[in-house]
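**Q** So I've got this file, data27.tsv, and it contains TSV, N, CA, C and O atoms and all ligand atoms:
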chain	number	residue	atom	x	y	z
D	1	MET	N	-18.83	12.49	7.59
D	1	MET	CA	-18.35	11.50	6.63
D	1	MET	C	-17.89	10.25	7.36
D	1	MET	O	-17.33	10.33	8.43
D	2	ILE	N	-18.17	9.12	6.76
D	2	ILE	CA	-17.69	7.86	7.32
D	2	ILE	C	-16.68	7.28	6.33
D	2	ILE	O	-16.99	7.13	5.15
D	3	ILE	N	-15.49	7.03	6.81
D	3	ILE	CA	-14.49	6.35	5.99
D	3	ILE	C	-14.30	4.96	6.58
D	3	ILE	O	-13.81	4.82	7.69
D	4	LYS	N	-14.75	3.97	5.81
D	4	LYS	CA	-14.74	2.60	6.31
D	4	LYS	C	-13.51	1.89	5.76
D	4	LYS	O	-13.28	1.91	4.55
D	5	ILE	N	-12.72	1.30	6.63
D	5	ILE	CA	-11.57	0.49	6.20
D	5	ILE	C	-11.90	-0.98	6.49
D	5	ILE	O	-12.16	-1.33	7.64
D	6	TYR	N	-11.92	-1.78	5.43
D	6	TYR	CA	-12.14	-3.22	5.58
D	6	TYR	C	-10.77	-3.83	5.91
D	6	TYR	O	-9.97	-4.12	5.03
D	7	GLU	N	-10.54	-3.99	7.20
D	7	GLU	CA	-9.18	-4.20	7.69
D	7	GLU	C	-8.53	-5.45	7.13
D	7	GLU	O	-7.33	-5.47	6.87
D	8	ASN	N	-9.30	-6.49	6.94
D	8	ASN	CA	-8.67	-7.73	6.50
D	8	ASN	C	-8.40	-7.79	5.00
D	8	ASN	O	-7.76	-8.73	4.53
D	9	LEU	N	-8.85	-6.78	4.26
D	9	LEU	CA	-8.47	-6.66	2.85
D	9	LEU	C	-7.16	-5.89	2.68
D	9	LEU	O	-6.48	-6.03	1.67
D	10	CYS	N	-6.82	-5.08	3.65
D	10	CYS	CA	-5.67	-4.17	3.53
D	10	CYS	C	-4.36	-4.94	3.44
D	10	CYS	O	-4.15	-5.90	4.17
D	11	LYS	N	-3.48	-4.47	2.55
D	11	LYS	CA	-2.15	-5.06	2.38
D	11	LYS	C	-1.10	-4.36	3.23
D	11	LYS	O	0.10	-4.64	3.09
D	12	GLY	N	-1.54	-3.42	4.04
D	12	GLY	CA	-0.63	-2.83	5.01
D	12	GLY	C	0.07	-1.58	4.52
D	12	GLY	O	0.37	-1.42	3.35
D	13	ILE	N	0.36	-0.70	5.46
D	13	ILE	CA	0.92	0.59	5.09
D	13	ILE	C	2.40	0.49	4.73
D	13	ILE	O	2.93	1.40	4.11
D	14	LYS	N	3.06	-0.60	5.09
D	14	LYS	CA	4.47	-0.75	4.70
D	14	LYS	C	4.58	-1.23	3.26
D	14	LYS	O	5.41	-0.76	2.50
D	15	GLY	N	3.72	-2.15	2.87
D	15	GLY	CA	3.76	-2.67	1.51
D	15	GLY	C	3.00	-1.81	0.53
D	15	GLY	O	3.25	-1.85	-0.67
D	16	CYS	N	2.05	-1.03	1.03
D	16	CYS	CA	1.19	-0.24	0.16
D	16	CYS	C	1.24	1.22	0.63
D	16	CYS	O	2.05	2.00	0.15
D	17	GLY	N	0.40	1.57	1.54
D	17	GLY	CA	0.42	2.94	2.08
D	17	GLY	C	-0.14	3.99	1.14
D	17	GLY	O	0.01	5.19	1.38
D	18	ASN	N	-0.79	3.56	0.08
D	18	ASN	CA	-1.33	4.52	-0.90
D	18	ASN	C	-2.29	5.51	-0.27
D	18	ASN	O	-2.30	6.68	-0.63
D	19	CYS	N	-3.10	5.05	0.66
D	19	CYS	CA	-4.09	5.94	1.26
D	19	CYS	C	-3.41	7.07	2.03
D	19	CYS	O	-3.86	8.22	2.00
D	20	ILE	N	-2.31	6.74	2.71
D	20	ILE	CA	-1.58	7.75	3.47
D	20	ILE	C	-0.99	8.79	2.51
D	20	ILE	O	-1.03	9.99	2.78
D	21	GLU	N	-0.48	8.31	1.39
D	21	GLU	CA	0.13	9.21	0.40
D	21	GLU	C	-0.89	10.12	-0.27
D	21	GLU	O	-0.62	11.29	-0.53
D	22	VAL	N	-2.05	9.58	-0.60
D	22	VAL	CA	-2.96	10.27	-1.51
D	22	VAL	C	-3.89	11.27	-0.83
D	22	VAL	O	-4.33	12.24	-1.46
D	23	CYS	N	-4.19	11.07	0.43
D	23	CYS	CA	-5.23	11.91	1.05
D	23	CYS	C	-4.75	13.36	1.16
D	23	CYS	O	-3.74	13.64	1.83
D	24	PRO	N	-5.45	14.29	0.52
D	24	PRO	CA	-5.02	15.70	0.56
D	24	PRO	C	-5.15	16.32	1.95
D	24	PRO	O	-4.52	17.34	2.23
D	25	LYS	N	-5.94	15.71	2.81
D	25	LYS	CA	-6.10	16.22	4.17
D	25	LYS	C	-5.24	15.46	5.18
D	25	LYS	O	-5.31	15.72	6.38
D	26	LYS	N	-4.46	14.48	4.68
D	26	LYS	CA	-3.57	13.69	5.55
D	26	LYS	C	-4.33	13.06	6.72
D	26	LYS	O	-3.89	13.13	7.87
D	27	LEU	N	-5.44	12.44	6.40
D	27	LEU	CA	-6.28	11.87	7.45
D	27	LEU	C	-5.91	10.43	7.81
D	27	LEU	O	-6.38	9.91	8.81
D	28	PHE	N	-5.09	9.78	7.00
D	28	PHE	CA	-4.67	8.41	7.30
D	28	PHE	C	-3.32	8.42	8.00
D	28	PHE	O	-2.39	9.08	7.55
D	29	ILE	N	-3.24	7.67	9.09
D	29	ILE	CA	-1.97	7.52	9.80
D	29	ILE	C	-1.79	6.05	10.16
D	29	ILE	O	-2.70	5.23	10.02
D	30	ASN	N	-0.59	5.74	10.66
D	30	ASN	CA	-0.28	4.39	11.14
D	30	ASN	C	-1.09	4.12	12.41
D	30	ASN	O	-1.00	4.87	13.38
D	31	SER	N	-1.89	3.06	12.39
D	31	SER	CA	-2.69	2.74	13.58
D	31	SER	C	-1.88	1.97	14.61
D	31	SER	O	-2.28	1.88	15.77
D	32	GLY	N	-0.80	1.34	14.15
D	32	GLY	CA	-0.03	0.47	15.04
D	32	GLY	C	-0.67	-0.89	15.24
D	32	GLY	O	-0.10	-1.74	15.93
D	33	ASN	N	-1.82	-1.11	14.63
D	33	ASN	CA	-2.51	-2.40	14.77
D	33	ASN	C	-2.31	-3.26	13.54
D	33	ASN	O	-2.18	-2.75	12.42
D	34	LEU	N	-2.33	-4.58	13.74
D	34	LEU	CA	-2.18	-5.53	12.65
D	34	LEU	C	-3.52	-6.16	12.31
D	34	LEU	O	-4.36	-6.36	13.19
D	35	ASN	N	-3.69	-6.49	11.03
D	35	ASN	CA	-4.88	-7.28	10.69
D	35	ASN	C	-4.55	-8.78	10.81
D	35	ASN	O	-3.47	-9.15	11.27
D	36	LYS	N	-5.49	-9.61	10.41
D	36	LYS	CA	-5.32	-11.05	10.59
D	36	LYS	C	-4.12	-11.60	9.81
D	36	LYS	O	-3.57	-12.64	10.17
D	37	LYS	N	-3.75	-10.90	8.74
D	37	LYS	CA	-2.63	-11.35	7.92
D	37	LYS	C	-1.30	-10.78	8.39
D	37	LYS	O	-0.27	-11.04	7.80
D	38	GLY	N	-1.35	-9.97	9.44
D	38	GLY	CA	-0.12	-9.42	9.99
D	38	GLY	C	0.33	-8.13	9.36
D	38	GLY	O	1.45	-7.69	9.58
D	39	TYR	N	-0.54	-7.50	8.57
D	39	TYR	CA	-0.20	-6.23	7.95
D	39	TYR	C	-0.56	-5.07	8.89
D	39	TYR	O	-1.61	-5.09	9.54
D	40	ILE	N	0.31	-4.05	8.90
D	40	ILE	CA	0.06	-2.87	9.74
D	40	ILE	C	-1.00	-2.00	9.08
D	40	ILE	O	-0.86	-1.59	7.93
D	41	LEU	N	-2.04	-1.72	9.84
D	41	LEU	CA	-3.20	-1.02	9.29
D	41	LEU	C	-3.10	0.49	9.42
D	41	LEU	O	-2.54	0.99	10.40
D	42	PRO	N	-3.70	1.20	8.47
D	42	PRO	CA	-3.89	2.64	8.65
D	42	PRO	C	-5.11	2.89	9.53
D	42	PRO	O	-5.93	1.99	9.75
D	43	LYS	N	-5.22	4.09	10.02
D	43	LYS	CA	-6.47	4.52	10.66
D	43	LYS	C	-6.73	5.97	10.28
D	43	LYS	O	-5.83	6.68	9.82
D	44	ILE	N	-7.95	6.39	10.49
D	44	ILE	CA	-8.37	7.75	10.15
D	44	ILE	C	-8.29	8.61	11.41
D	44	ILE	O	-8.78	8.21	12.46
D	45	VAL	N	-7.69	9.79	11.28
D	45	VAL	CA	-7.57	10.63	12.47
D	45	VAL	C	-8.79	11.52	12.70
D	45	VAL	O	-9.23	11.65	13.83
D	46	ASP	N	-9.32	12.15	11.68
D	46	ASP	CA	-10.42	13.09	11.91
D	46	ASP	C	-11.38	13.08	10.73
D	46	ASP	O	-11.25	13.89	9.81
D	47	PRO	N	-12.33	12.16	10.74
D	47	PRO	CA	-13.22	12.01	9.58
D	47	PRO	C	-14.02	13.27	9.27
D	47	PRO	O	-14.45	13.46	8.13
D	48	ASN	N	-14.18	14.16	10.24
D	48	ASN	CA	-14.92	15.40	9.98
D	48	ASN	C	-14.20	16.33	9.01
D	48	ASN	O	-14.81	17.23	8.44
D	49	GLN	N	-12.90	16.10	8.84
D	49	GLN	CA	-12.12	16.94	7.91
D	49	GLN	C	-12.14	16.39	6.48
D	49	GLN	O	-11.58	17.00	5.57
D	50	CYS	N	-12.74	15.25	6.30
D	50	CYS	CA	-12.77	14.61	4.97
D	50	CYS	C	-13.57	15.49	4.00
D	50	CYS	O	-14.65	15.98	4.33
D	51	ILE	N	-13.00	15.67	2.80
D	51	ILE	CA	-13.66	16.50	1.78
D	51	ILE	C	-14.35	15.64	0.72
D	51	ILE	O	-14.77	16.15	-0.31
D	52	HIS	N	-14.42	14.35	0.97
D	52	HIS	CA	-15.18	13.45	0.11
D	52	HIS	C	-14.65	13.39	-1.32
D	52	HIS	O	-15.41	13.23	-2.27
D	53	CYS	N	-13.33	13.53	-1.44
D	53	CYS	CA	-12.74	13.47	-2.79
D	53	CYS	C	-12.69	12.04	-3.33
D	53	CYS	O	-12.55	11.82	-4.52
D	54	LYS	N	-12.73	11.09	-2.42
D	54	LYS	CA	-12.71	9.65	-2.75
D	54	LYS	C	-11.39	9.18	-3.35
D	54	LYS	O	-11.33	8.08	-3.92
D	55	LYS	N	-10.35	9.98	-3.24
D	55	LYS	CA	-9.05	9.54	-3.77
D	55	LYS	C	-8.57	8.27	-3.08
D	55	LYS	O	-7.97	7.40	-3.70
D	56	CYS	N	-8.82	8.18	-1.77
D	56	CYS	CA	-8.38	7.00	-1.02
D	56	CYS	C	-9.10	5.74	-1.51
D	56	CYS	O	-8.49	4.69	-1.73
D	57	GLU	N	-10.40	5.89	-1.72
D	57	GLU	CA	-11.20	4.74	-2.18
D	57	GLU	C	-10.73	4.29	-3.56
D	57	GLU	O	-10.60	3.09	-3.83
D	58	LEU	N	-10.46	5.26	-4.43
D	58	LEU	CA	-10.08	4.93	-5.81
D	58	LEU	C	-8.68	4.35	-5.90
D	58	LEU	O	-8.42	3.48	-6.74
D	59	ILE	N	-7.77	4.79	-5.05
D	59	ILE	CA	-6.37	4.36	-5.18
D	59	ILE	C	-6.10	3.03	-4.48
D	59	ILE	O	-5.12	2.36	-4.79
D	60	CYS	N	-6.94	2.65	-3.56
D	60	CYS	CA	-6.66	1.43	-2.80
D	60	CYS	C	-6.73	0.21	-3.72
D	60	CYS	O	-7.78	-0.09	-4.28
D	61	PRO	N	-5.62	-0.51	-3.89
D	61	PRO	CA	-5.60	-1.64	-4.82
D	61	PRO	C	-6.42	-2.83	-4.33
D	61	PRO	O	-6.74	-3.73	-5.11
D	62	GLU	N	-6.74	-2.84	-3.06
D	62	GLU	CA	-7.48	-3.98	-2.48
D	62	GLU	C	-8.96	-3.67	-2.28
D	62	GLU	O	-9.69	-4.49	-1.72
D	63	MET	N	-9.40	-2.49	-2.71
D	63	MET	CA	-10.78	-2.06	-2.49
D	63	MET	C	-11.15	-2.17	-1.00
D	63	MET	O	-12.24	-2.63	-0.64
D	64	ALA	N	-10.22	-1.77	-0.16
D	64	ALA	CA	-10.40	-1.89	1.29
D	64	ALA	C	-10.99	-0.65	1.93
D	64	ALA	O	-11.14	-0.61	3.15
D	65	ILE	N	-11.28	0.39	1.12
D	65	ILE	CA	-11.79	1.64	1.68
D	65	ILE	C	-13.10	2.03	1.00
D	65	ILE	O	-13.21	1.97	-0.22
D	66	SER	N	-14.08	2.41	1.80
D	66	SER	CA	-15.31	3.00	1.27
D	66	SER	C	-15.54	4.33	1.97
D	66	SER	O	-15.48	4.41	3.20
D	67	VAL	N	-15.80	5.35	1.16
D	67	VAL	CA	-16.14	6.67	1.70
D	67	VAL	C	-17.64	6.84	1.56
D	67	VAL	O	-18.18	6.81	0.46
D	68	LEU	N	-18.30	7.02	2.68
D	68	LEU	CA	-19.77	7.03	2.70
D	68	LEU	C	-20.26	8.36	3.24
D	68	LEU	O	-19.69	8.91	4.19
D	69	GLU	N	-21.32	8.86	2.63
D	69	GLU	CA	-22.01	10.02	3.20
D	69	GLU	C	-22.77	9.54	4.42
D	69	GLU	O	-23.40	8.48	4.37
D	70	GLU	N	-22.72	10.30	5.49
D	70	GLU	CA	-23.52	9.94	6.65
D	70	GLU	C	-24.98	10.22	6.34
D	70	GLU	O	-25.32	11.28	5.83
D	71	SER	N	-25.83	9.29	6.65
D	71	SER	CA	-27.25	9.49	6.35
D	71	SER	C	-28.02	9.74	7.63
D	71	SER	O	-27.72	9.15	8.68
D	72	GLY	N	-28.94	10.64	7.52
D	72	GLY	CA	-29.88	10.96	8.56
D	72	GLY	C	-29.29	11.07	9.90
D	72	GLY	O	-29.77	10.72	10.91
Q	101	LIG	S1	-12.17	10.98	0.58
Q	101	LIG	FE1	-10.38	12.29	0.19
Q	101	LIG	S2	-10.22	13.63	2.00
Q	101	LIG	FE2	-11.57	11.93	2.53
Q	101	LIG	S3	-10.22	10.45	3.54
Q	101	LIG	FE3	-10.36	9.88	1.35
Q	101	LIG	S4	-8.61	10.90	0.35
Q	101	LIG	FE4	-8.91	11.84	2.39
Q	102	LIG	S1	-4.50	1.92	0.15
Q	102	LIG	FE1	-5.75	0.16	0.82
Q	102	LIG	S2	-4.35	-1.60	0.89
Q	102	LIG	FE2	-3.10	0.26	0.78
Q	102	LIG	S3	-2.63	0.72	2.95
Q	102	LIG	FE3	-4.46	1.91	2.39
Q	102	LIG	S4	-6.21	0.60	2.99
Q	102	LIG	FE4	-4.38	-0.70	2.93
Would you give me this structure, written as structure tokens?

**A**
Amino acid sequence: MIIKIYENLCKGIKGCGNCIEVCPKKLFINSGNLNKKGYILPKIVDPNQCIHCKKCELICPEMAISVLEESG
């Protein structure tokens, strides 16, 4: 599974953090990195554990996450 985070759309885990809260596998953590707007970004710890529920993609208010099936 590929979980793509469009970093410059993210509003940051301090102001939002929905992805960290919602993921049933707890795959989102604090990356410690900032985007161009100065927001602290999440990162994915182990994409192989993703169950493709798409809760993260659906809950993100900024549409900053895409969950993609790996192809070929
Ligand atoms: S699709 Fe589901 S399991 Fe995968 S990262 Fe998003 S919330 Fe977590
Ligand atoms: S849900 Fe979206 S905007 Fe909120 S912290 Fe996660 S990636 Fe950023």

**Q** Which is closer to ligand LIG 101 (chain Q) than all the others in D:Ile44, D:Cys10, D:Cys56, D:Ile20, using only C-alpha atoms and all ligand atoms?

**A**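 Between D:Ile44, D:Cys10, D:Cys56, D:Ile20, the residue approaching ligand LIG 101 (chain Q) most closely is D:Cys56.
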
**Q** Return as JSON the box centre and box size in Å, one decimal, for an axis-aligned box around all listed atoms of ligand LIG 102 (chain Q) padded by 5 Å per side.

**A**
{"center_x": -4.4, "center_y": 0.2, "center_z": 1.6, "size_x": 13.6, "size_y": 13.5, "size_z": 12.8}

**Q** Which neighbours of Gly12 in chain D fall inside 8 Å, counting all atoms listed in the file, when residues of the same chain fewer than 4 positions from it are skipped, and could you give them as a JSON list (two decimals) with N, CA, C and O atoms, in the frame of the given file?

**A**
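See part-v6.json below for the written result:
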[["chain", "number", "residue", "atom", "x", "y", "z"],
["D", 7, "GLU", "N", -10.54, -3.99, 7.20],
["D", 7, "GLU", "CA", -9.18, -4.20, 7.69],
["D", 7, "GLU", "C", -8.53, -5.45, 7.13],
["D", 7, "GLU", "O", -7.33, -5.47, 6.87],
["D", 16, "CYS", "N", 2.05, -1.03, 1.03],
["D", 16, "CYS", "CA", 1.19, -0.24, 0.16],
["D", 16, "CYS", "C", 1.24, 1.22, 0.63],
["D", 16, "CYS", "O", 2.05, 2.00, 0.15],
["D", 17, "GLY", "N", 0.40, 1.57, 1.54],
["D", 17, "GLY", "CA", 0.42, 2.94, 2.08],
["D", 17, "GLY", "C", -0.14, 3.99, 1.14],
["D", 17, "GLY", "O", 0.01, 5.19, 1.38],
["D", 18, "ASN", "N", -0.79, 3.56, 0.08],
["D", 18, "ASN", "CA", -1.33, 4.52, -0.90],
["D", 18, "ASN", "C", -2.29, 5.51, -0.27],
["D", 18, "ASN", "O", -2.30, 6.68, -0.63],
["D", 19, "CYS", "N", -3.10, 5.05, 0.66],
["D", 19, "CYS", "CA", -4.09, 5.94, 1.26],
["D", 19, "CYS", "C", -3.41, 7.07, 2.03],
["D", 19, "CYS", "O", -3.86, 8.22, 2.00],
["D", 33, "ASN", "N", -1.82, -1.11, 14.63],
["D", 33, "ASN", "CA", -2.51, -2.40, 14.77],
["D", 33, "ASN", "C", -2.31, -3.26, 13.54],
["D", 33, "ASN", "O", -2.18, -2.75, 12.42],
["D", 35, "ASN", "N", -3.69, -6.49, 11.03],
["D", 35, "ASN", "CA", -4.88, -7.28, 10.69],
["D", 35, "ASN", "C", -4.55, -8.78, 10.81],
["D", 35, "ASN", "O", -3.47, -9.15, 11.27],
["D", 38, "GLY", "N", -1.35, -9.97, 9.44],
["D", 38, "GLY", "CA", -0.12, -9.42, 9.99],
["D", 38, "GLY", "C", 0.33, -8.13, 9.36],
["D", 38, "GLY", "O", 1.45, -7.69, 9.58],
["D", 39, "TYR", "N", -0.54, -7.50, 8.57],
["D", 39, "TYR", "CA", -0.20, -6.23, 7.95],
["D", 39, "TYR", "C", -0.56, -5.07, 8.89],
["D", 39, "TYR", "O", -1.61, -5.09, 9.54],
["D", 40, "ILE", "N", 0.31, -4.05, 8.90],
["D", 40, "ILE", "CA", 0.06, -2.87, 9.74],
["D", 40, "ILE", "C", -1.00, -2.00, 9.08],
["D", 40, "ILE", "O", -0.86, -1.59, 7.93],
["D", 41, "LEU", "N", -2.04, -1.72, 9.84],
["D", 41, "LEU", "CA", -3.20, -1.02, 9.29],
["D", 41, "LEU", "C", -3.10, 0.49, 9.42],
["D", 41, "LEU", "O", -2.54, 0.99, 10.40],
["D", 42, "PRO", "N", -3.70, 1.20, 8.47],
["D", 42, "PRO", "CA", -3.89, 2.64, 8.65],
["D", 42, "PRO", "C", -5.11, 2.89, 9.53],
["D", 42, "PRO", "O", -5.93, 1.99, 9.75]]

**Q** Can you work out which one of D:Ile29, D:Cys53, D:Leu58, D:Leu68 has the shortest atom-to-atom distance to ligand LIG 101 (chain Q), counting all atoms listed in the file?

**A**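 Looking at the shortest contact to ligand LIG 101 (chain Q), the residue is D:Cys53.
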
**Q** Looking at D:Met1, D:Ser66, D:Cys60, D:Leu27, which one is nearest to ligand LIG 102 (chain Q), with distances taken over all atoms listed in the file?

**A**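 Distance minimum relative to ligand LIG 102 (chain Q) lands on D:Cys60.
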
**Q** Here is a test: counting all atoms listed in the file, which residue of D:Ala64, D:Tyr6, D:Pro47, D:Gly15 is nearest to ligand LIG 101 (chain Q)?

**A** D:Pro47

**Q** Quick one, how far is atom FE2 of ligand LIG 102 (chain Q) from atom O of Ile65 in chain D?

**A**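 Separation of atom FE2 of ligand LIG 102 (chain Q) and atom O of Ile65 in chain D: 10.3 Å.
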
**Q** I need the strand (DSSP E) residues of chain D per DSSP on the backbone, written as a PyMOL selection string.

**A** chain D and resi 2-5+28-34+40-44+65-68

**Q** Counting all atoms listed in the file, what are the residues of chain D within 7 Å of ligand LIG 101 (chain Q), and for each of them which pair of atoms is the nearest and at what distance in Å, to one decimal? Sort the table by chain and rising number, as a tab-separated table.

**A**
residue	atom	partner	partner_atom	distance
D:Ile3	CA	Q:LIG101	S3	6.4
D:Cys19	O	Q:LIG101	S4	5.7
D:Val22	O	Q:LIG101	S4	4.8
D:Cys23	CA	Q:LIG101	S4	3.6
D:Pro24	N	Q:LIG101	FE4	4.6
D:Lys25	N	Q:LIG101	S2	4.8
D:Lys26	N	Q:LIG101	FE4	5.7
D:Leu27	N	Q:LIG101	FE4	5.3
D:Phe28	N	Q:LIG101	S3	6.2
D:Pro47	O	Q:LIG101	FE2	6.5
D:Gln49	O	Q:LIG101	S2	5.1
D:Cys50	CA	Q:LIG101	FE2	3.8
D:Ile51	N	Q:LIG101	S2	3.5
D:His52	CA	Q:LIG101	S1	3.9
D:Cys53	N	Q:LIG101	S1	3.5
D:Lys54	N	Q:LIG101	S1	3.1
D:Lys55	N	Q:LIG101	S4	4.1
D:Cys56	N	Q:LIG101	S4	3.5
D:Glu57	N	Q:LIG101	FE3	5.0
D:Val67	CA	Q:LIG101	S1	6.0

**Q** CA of Asn30 in chain D and CA of Leu9 in chain D are how many Å apart?

**A**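 Atom-to-atom, CA of Asn30 in chain D and CA of Leu9 in chain D are spaced 16.1 Å apart.
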
**Q** Can you work out the spacing between atom S3 of ligand LIG 102 (chain Q) and atom N of Ser31 in chain D in Å, to one decimal?

**A** 9.8 Å

**Q** If DSSP is run on the backbone, what residues of chain D are helix (DSSP H, G or I)? A reply as a PyMOL selection string would be ideal.

**A** chain D and resi 7-9+18-22+47-49+55-59

**Q** Counting all atoms listed in the file, figure out which residue out of D:Glu70, D:Ile13, D:Leu34, D:Val45 gets nearest to ligand LIG 102 (chain Q).

**A**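 For ligand LIG 102 (chain Q), the nearest of the candidates is D:Ile13.
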